[in-house]
Each structure stands twice: as C-alpha cells, then as structure tokens.
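K.L.:
What follows is work_11.txt, made up of compact mmCIF, C-alpha atoms and all ligand atoms:
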```txt
# COMPACT_ATOMS: atom_id res chain seq x y z
CA MET Y 1 5.65 66.63 -77.26
CA LEU Y 2 3.18 69.49 -77.22
CA THR Y 3 3.86 72.93 -78.65
CA VAL Y 4 2.22 76.28 -77.94
CA LEU Y 5 0.51 74.77 -74.93
CA PRO Y 6 -1.81 77.10 -72.99
CA LEU Y 7 -0.95 77.23 -69.29
CA ARG Y 8 -2.68 78.50 -66.21
CA SER Y 9 -2.37 78.48 -62.46
CA MET Y 10 -5.38 79.33 -60.33
CA GLU Y 11 -3.15 79.47 -57.26
CA LEU Y 12 -0.71 81.95 -58.76
CA GLY Y 13 -3.20 83.77 -60.97
CA LEU Y 14 -1.12 83.14 -64.07
CA SER Y 15 -1.88 82.32 -67.65
CA GLY Y 16 0.47 82.00 -70.56
CA VAL Y 17 1.76 79.70 -73.25
CA ALA Y 18 4.57 77.15 -73.15
CA ASP Y 19 6.68 76.94 -76.29
CA VAL Y 20 7.24 73.20 -75.89
CA VAL Y 21 6.38 70.60 -73.27
CA GLU Y 22 8.15 67.26 -73.70
CA PHE Y 23 7.04 63.99 -72.14
CA HIS Y 24 9.81 61.49 -71.43
CA GLU Y 25 9.81 57.96 -70.09
CA GLY Y 26 11.40 57.84 -66.65
CA ARG Y 27 12.16 55.07 -64.20
CA GLU Y 28 9.25 56.12 -62.05
CA GLY Y 29 6.87 57.09 -64.81
CA GLU Y 30 6.42 59.88 -67.26
CA ILE Y 31 8.58 62.99 -66.88
CA VAL Y 32 7.13 66.34 -67.91
CA PHE Y 33 9.83 68.66 -69.26
CA PRO Y 34 9.05 72.23 -70.37
CA VAL Y 35 11.36 73.88 -72.91
CA GLU Y 36 11.45 77.60 -73.59
CA TYR Y 37 12.92 78.95 -76.83
CA LYS Y 38 14.83 82.23 -76.87
CA LEU Y 39 16.48 84.04 -79.78
CA GLY Y 40 19.48 85.32 -77.87
CA GLN Y 41 21.91 83.86 -75.37
CA PRO Y 42 21.88 83.06 -71.66
CA LYS Y 43 21.46 86.18 -69.55
CA ALA Y 44 23.37 87.34 -66.51
CA ASP Y 45 20.21 87.47 -64.42
CA ALA Y 46 17.75 84.66 -63.73
CA CYS Y 47 14.76 86.11 -65.57
CA ASP Y 48 14.54 83.35 -68.19
CA LYS Y 49 14.84 80.66 -65.53
CA VAL Y 50 12.15 82.28 -63.42
CA GLN Y 51 9.87 82.44 -66.45
CA LEU Y 52 10.43 78.76 -67.17
CA CYS Y 53 9.85 77.90 -63.51
CA ALA Y 54 6.55 79.80 -63.60
CA GLN Y 55 5.56 77.62 -66.54
CA ALA Y 56 6.50 74.54 -64.54
CA LEU Y 57 4.41 75.69 -61.58
CA CYS Y 58 1.44 76.09 -63.92
CA LEU Y 59 2.02 72.62 -65.36
CA GLU Y 60 2.33 71.11 -61.89
CA GLU Y 61 -1.04 72.50 -60.94
CA MET Y 62 -2.65 71.49 -64.24
CA LEU Y 63 -1.25 67.96 -64.24
CA SER Y 64 -1.09 67.33 -60.47
CA ARG Y 65 2.50 66.15 -60.64
CA ARG Y 66 5.92 67.36 -59.67
CA ILE Y 67 8.18 68.79 -62.37
CA GLU Y 68 11.84 68.82 -61.41
CA ALA Y 69 13.54 70.35 -64.43
CA GLY Y 70 13.25 71.91 -67.85
CA ALA Y 71 15.47 73.66 -70.37
CA ILE Y 72 15.91 76.91 -72.26
CA PHE Y 73 17.12 76.73 -75.86
CA TYR Y 74 19.05 79.81 -76.96
CA GLY Y 75 19.17 80.54 -80.66
CA ARG Y 76 22.49 82.36 -80.60
CA THR Y 77 24.37 79.54 -78.91
CA ARG Y 78 22.12 76.82 -80.34
CA ARG Y 79 22.37 75.04 -77.00
CA ARG Y 80 19.98 74.03 -74.32
CA LEU Y 81 20.53 75.33 -70.82
CA ALA Y 82 19.30 72.85 -68.22
CA VAL Y 83 17.22 74.39 -65.43
CA ALA Y 84 16.48 72.67 -62.13
CA PHE Y 85 13.36 73.92 -60.39
CA ASP Y 86 14.86 74.14 -56.91
CA ALA Y 87 13.33 75.87 -53.89
CA ALA Y 88 15.07 79.18 -54.54
CA LEU Y 89 13.86 79.36 -58.14
CA ARG Y 90 10.32 78.38 -57.11
CA ASP Y 91 10.36 81.12 -54.46
CA ALA Y 92 11.56 83.64 -57.05
CA ALA Y 93 8.76 82.68 -59.44
CA ARG Y 94 6.14 82.95 -56.70
CA ALA Y 95 7.56 86.31 -55.61
CA ALA Y 96 7.38 87.56 -59.21
CA CYS Y 97 3.73 86.51 -59.33
CA ALA Y 98 3.03 88.41 -56.12
CA ASP Y 99 4.76 91.48 -57.57
CA LEU Y 100 2.72 91.12 -60.72
CA HIS Y 101 -0.58 91.11 -58.88
CA ALA Y 102 0.49 94.06 -56.78
CA PHE Y 103 1.12 96.02 -60.00
CA ILE Y 104 -2.25 94.95 -61.43
CA ALA Y 105 -4.03 95.92 -58.22
CA ALA Y 106 -2.36 99.32 -58.39
CA GLY Y 107 -3.29 99.71 -62.09
CA ARG Y 108 0.30 100.30 -63.07
CA THR Y 109 2.96 98.57 -65.11
CA PRO Y 110 6.49 98.25 -63.77
CA LEU Y 111 9.15 100.66 -64.93
CA ALA Y 112 10.18 100.04 -68.52
CA ARG Y 113 13.87 100.78 -68.92
CA TYR Y 114 15.08 100.97 -72.48
CA GLU Y 115 18.18 98.83 -72.85
CA LYS Y 116 20.11 97.16 -75.64
CA ARG Y 117 18.13 93.97 -75.17
CA CYS Y 118 14.87 95.80 -75.96
CA ARG Y 119 15.84 95.84 -79.64
CA SER Y 120 15.44 92.08 -79.86
CA CYS Y 121 12.57 91.77 -77.39
CA SER Y 122 9.34 90.39 -78.83
CA LEU Y 123 7.38 92.65 -76.48
CA GLU Y 124 8.89 95.96 -77.57
CA ALA Y 125 5.87 96.96 -79.67
CA THR Y 126 3.65 96.55 -76.65
CA CYS Y 127 6.03 97.70 -73.96
CA LEU Y 128 7.18 100.83 -75.83
CA PRO Y 129 10.11 101.51 -73.50
CA GLN Y 130 11.33 104.50 -75.53
CA ALA Y 131 7.90 106.06 -76.05
CA CYS Y 132 7.28 105.85 -72.33
CA GLY Y 133 10.22 108.11 -71.69
CA GLY Y 134 12.74 105.55 -70.58
CA ASN Y 135 11.92 105.30 -66.92
CA HIS Y 136 8.22 105.96 -66.68
CA CYS Y 137 5.35 103.68 -65.82
CA ILE Y 138 2.27 103.29 -67.99
CA THR Y 139 -0.72 104.08 -65.84
CA GLU Y 140 -4.10 102.53 -66.40
CA ASP Y 141 -5.50 105.38 -68.49
CA LYS Y 142 -2.63 105.15 -70.98
CA ALA Y 143 -2.29 101.39 -71.11
CA PRO Y 144 -3.60 99.17 -73.90
CA ASN Y 145 -6.39 96.79 -72.99
CA TYR Y 146 -3.95 94.15 -71.98
CA LEU Y 147 -0.77 94.09 -70.02
CA TRP Y 148 2.48 92.33 -70.76
CA ILE Y 149 4.64 91.80 -67.73
CA SER Y 150 8.29 91.29 -68.42
CA PRO Y 151 10.51 93.96 -66.98
CA LYS Y 152 12.55 91.68 -64.84
CA TYR Y 153 11.12 88.23 -64.46
CA LEU Y 154 8.06 87.08 -66.33
CA ILE Y 155 7.27 86.91 -70.00
CA LEU Y 156 3.71 85.74 -69.62
CA SER Y 157 0.73 87.72 -70.73
CA PHE Y 158 -2.13 88.81 -68.55
CA ARG Y 159 -5.46 90.27 -69.51
CA VAL Y 160 -6.72 92.85 -67.02
S1 LIG J 1 9.76 93.99 -71.88
FE1 LIG J 1 10.08 96.13 -72.49
S2 LIG J 1 11.72 96.90 -71.12
FE2 LIG J 1 11.75 94.62 -71.02
S3 LIG J 1 13.24 94.02 -72.61
FE3 LIG J 1 11.21 93.99 -73.58
S4 LIG J 1 11.00 96.01 -74.55
FE4 LIG J 1 12.68 96.16 -73.03
```
With the file now loaded, output its structure as structure tokens.
P.N.:
Amino acid sequence: MLTVLPLRSMELGLSGVADVVEFHEGREGEIVFPVEYKLGQPKADACDKVQLCAQALCLEEMLSRRIEAGAIFYGRTRRRLAVAFDAALRDAARAACADLHAFIAAGRTPLARYEKRCRSCSLEATCLPQACGGNHCITEDKAPNYLWISPKYLILSFRV
C-alpha cells in the first residue's frame, strides 16, 4: 500500500495526489486499487467517483496497466463505496479534464457557488466562494498563483 502517492497523466494533462493506492494479489496478477478518503458521506452527484476515476486514469498511464475499480471511504458513514471504472465514468473524467484545460486556456476558474458543503470543503480557503460574491469567476489577475479545480468534478490541483 502506498499513501500520498503523486500522480500524473501526460495524456490528460493532470497531476495530483492519491490518498491511498493498494496492491492486491489477483488471479491474473497484481491488482492496483486506488482509495480516496472523504470526511463526509456519499454525494448525490458523481463528482467523487469522477475524481477517483481520474486518479485511476493517471495510474493506468503511469503503470501501463488496466485498473478496473477502486473505492471511496467516507468518514461519516465509515464505509467504503466501491467504484467501477466503467466507460461512462471514464468518459466523464476525460470530459472534466477537457473542461479544465478550457478554463485554464481562458485564464478563468469555473463559477464558485457557495453551498452548505463548502463549510467542510478542504479547498474553501483557496476557492473563497463567499469572497468571490457567490456566483462570480476569479479571473487571472485576481487569482492566486495556483488554481484548484473542484467546482463539480475534480479535486486535483494544477499549477498554471
Ligand atoms: S471547491 Fe469551492 S465551491 Fe466547491 S465545495 Fe469547495 S469551497 Fe465550495
């Protein structure tokens, strides 16, 4: 098991850090199994799953092997949620990456909408959803020297 493992994908233009990557013995060899840790509980949308899938895509590129599944551990429920990296989830992760690079190319962050979940979000100090006026973008001249992308899908960091 590896913790705090740096990740990257040259194809997707992603970098980030995996909380945990487990290595299990399988019938056909070693199985790589990423695990993401969250404080809260499973969400109605697929953002956490897309984030985990993006990690898996990075690992696949780094290790040159297929990764079929991973899990998200939620602190509030103290349970693991199994996540299968199917075609739809892979497409969603790739689409989120494309959106990300479109925002970077435009020099803008996505809209930051202040919601209840922001209060327990580890990115609030960087995202500043209230200071930005609720529904405003941070343009390049107002942004810090790095950009956290997490409004809807990804919780990976990107230096621009
Ligand atoms: S990234 Fe920003 S807008 Fe999204 S939940 Fe965190 S603080 Fe709120």
K.L.:
Calculate how many Å separate atom CA of Y:Val32 from atom CA of Y:Leu89, rounding to one decimal.
P.N.:
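Taking atom CA of Y:Val32 as the start and atom CA of Y:Leu89 as the end point, the length is 17.6 Å.
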K.L.:
Might you pull out every residue within 10 Å of Y:Arg65, with all atoms listed in the file counted and same-chain residues fewer than 4 positions away left off, and present them as a list of chain:residue names?
P.N.:
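Final neighbour list, sorted by chain and number: Y:Glu30, Y:Ile31, Y:Val32, Y:Leu57, Y:Leu59, Y:Glu60, Y:Glu61.
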K.L.:
Determine, for each residue of chain Y having at least one atom at most 6 Å from an atom of ligand LIG 1 (chain J), the closest pair of atoms and their separation in Å to one decimal, counting all atoms listed in the file; order by chain and ascending number, as JSON lines.
P.N.:
```
{"residue": "Y:Ala112", "atom": "CA", "partner": "J:LIG1", "partner_atom": "S2", "distance": 4.4}
{"residue": "Y:Arg113", "atom": "CA", "partner": "J:LIG1", "partner_atom": "S2", "distance": 5.0}
{"residue": "Y:Tyr114", "atom": "CA", "partner": "J:LIG1", "partner_atom": "FE4", "distance": 5.4}
{"residue": "Y:Arg117", "atom": "CA", "partner": "J:LIG1", "partner_atom": "S3", "distance": 5.5}
{"residue": "Y:Cys118", "atom": "CA", "partner": "J:LIG1", "partner_atom": "FE4", "distance": 3.7}
{"residue": "Y:Cys121", "atom": "CA", "partner": "J:LIG1", "partner_atom": "FE3", "distance": 4.6}
{"residue": "Y:Leu123", "atom": "CA", "partner": "J:LIG1", "partner_atom": "FE3", "distance": 5.0}
{"residue": "Y:Glu124", "atom": "CA", "partner": "J:LIG1", "partner_atom": "S4", "distance": 3.7}
{"residue": "Y:Cys127", "atom": "CA", "partner": "J:LIG1", "partner_atom": "FE1", "distance": 4.6}
{"residue": "Y:Pro129", "atom": "CA", "partner": "J:LIG1", "partner_atom": "S2", "distance": 5.4}
{"residue": "Y:Ser150", "atom": "CA", "partner": "J:LIG1", "partner_atom": "S1", "distance": 4.6}
{"residue": "Y:Pro151", "atom": "CA", "partner": "J:LIG1", "partner_atom": "FE2", "distance": 4.3}
```
K.L.:
Env of stretch 11-18 of chain Y: 12 Å cut, atoms = only C-alpha atoms, seq-sep filter 4 positions within chain, self excluded. Answer as a PyMOL selection string.
P.N.:
chain Y and resi 1-7+22+33-37+51-62+70-72+90-91+93-102+104+148-149+154-160
K.L.:
Quick one: 4 Å padding each side, axis-aligned, all listed atoms of stretch 118-127 of chain Y - centre and edge lengths in Å to one decimal, as AutoDock Vina command-line options?
P.N.:
```
--center_x 9.7 --center_y 94.0 --center_z -76.9 --size_x 20.2 --size_y 15.3 --size_z 13.9
```
K.L.:
Just to confirm, what's the straight-line distance from atom CA of Y:Phe23 to atom CA of Y:Ala84 in Å (one decimal)?
P.N.:
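Calculated distance between atom CA of Y:Phe23 and atom CA of Y:Ala84 is 16.3 Å.
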K.L.:
With only C-alpha atoms as the atoms that count, which of Y:Ser9, Y:Gln130, Y:Val50, Y:Ile67 lies nearest to Y:His24?
P.N.:
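That would be Y:Ile67, the residue with the smallest distance to Y:His24.
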K.L.:
From the list Y:Leu39, Y:Ala69, Y:Val21, Y:Ala46, which residue is nearest Y:Arg119 when using only C-alpha atoms?
P.N.:
Y:Leu39
K.L.:
Return the single residue from Y:Ala106, Y:Gly26, Y:Leu111, Y:Ser120 that is closest to Y:Lys38, with distances computed using all atoms listed in the file.
P.N.:
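Of all the options, Y:Ser120 lies closest to Y:Lys38.
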K.L.:
How many Å lie between atom CA of Y:Pro110 and atom CA of Y:Leu128, rounded to one decimal?
P.N.:
12.4 Å
K.L.:
Which residue gives the smallest distance to Y:Thr77 among Y:Val20, Y:Pro42, Y:Ala131, Y:Ser122, with all atoms listed in the file counted?
P.N.:
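Residue with the minimum atom-to-atom distance to Y:Thr77: Y:Pro42.
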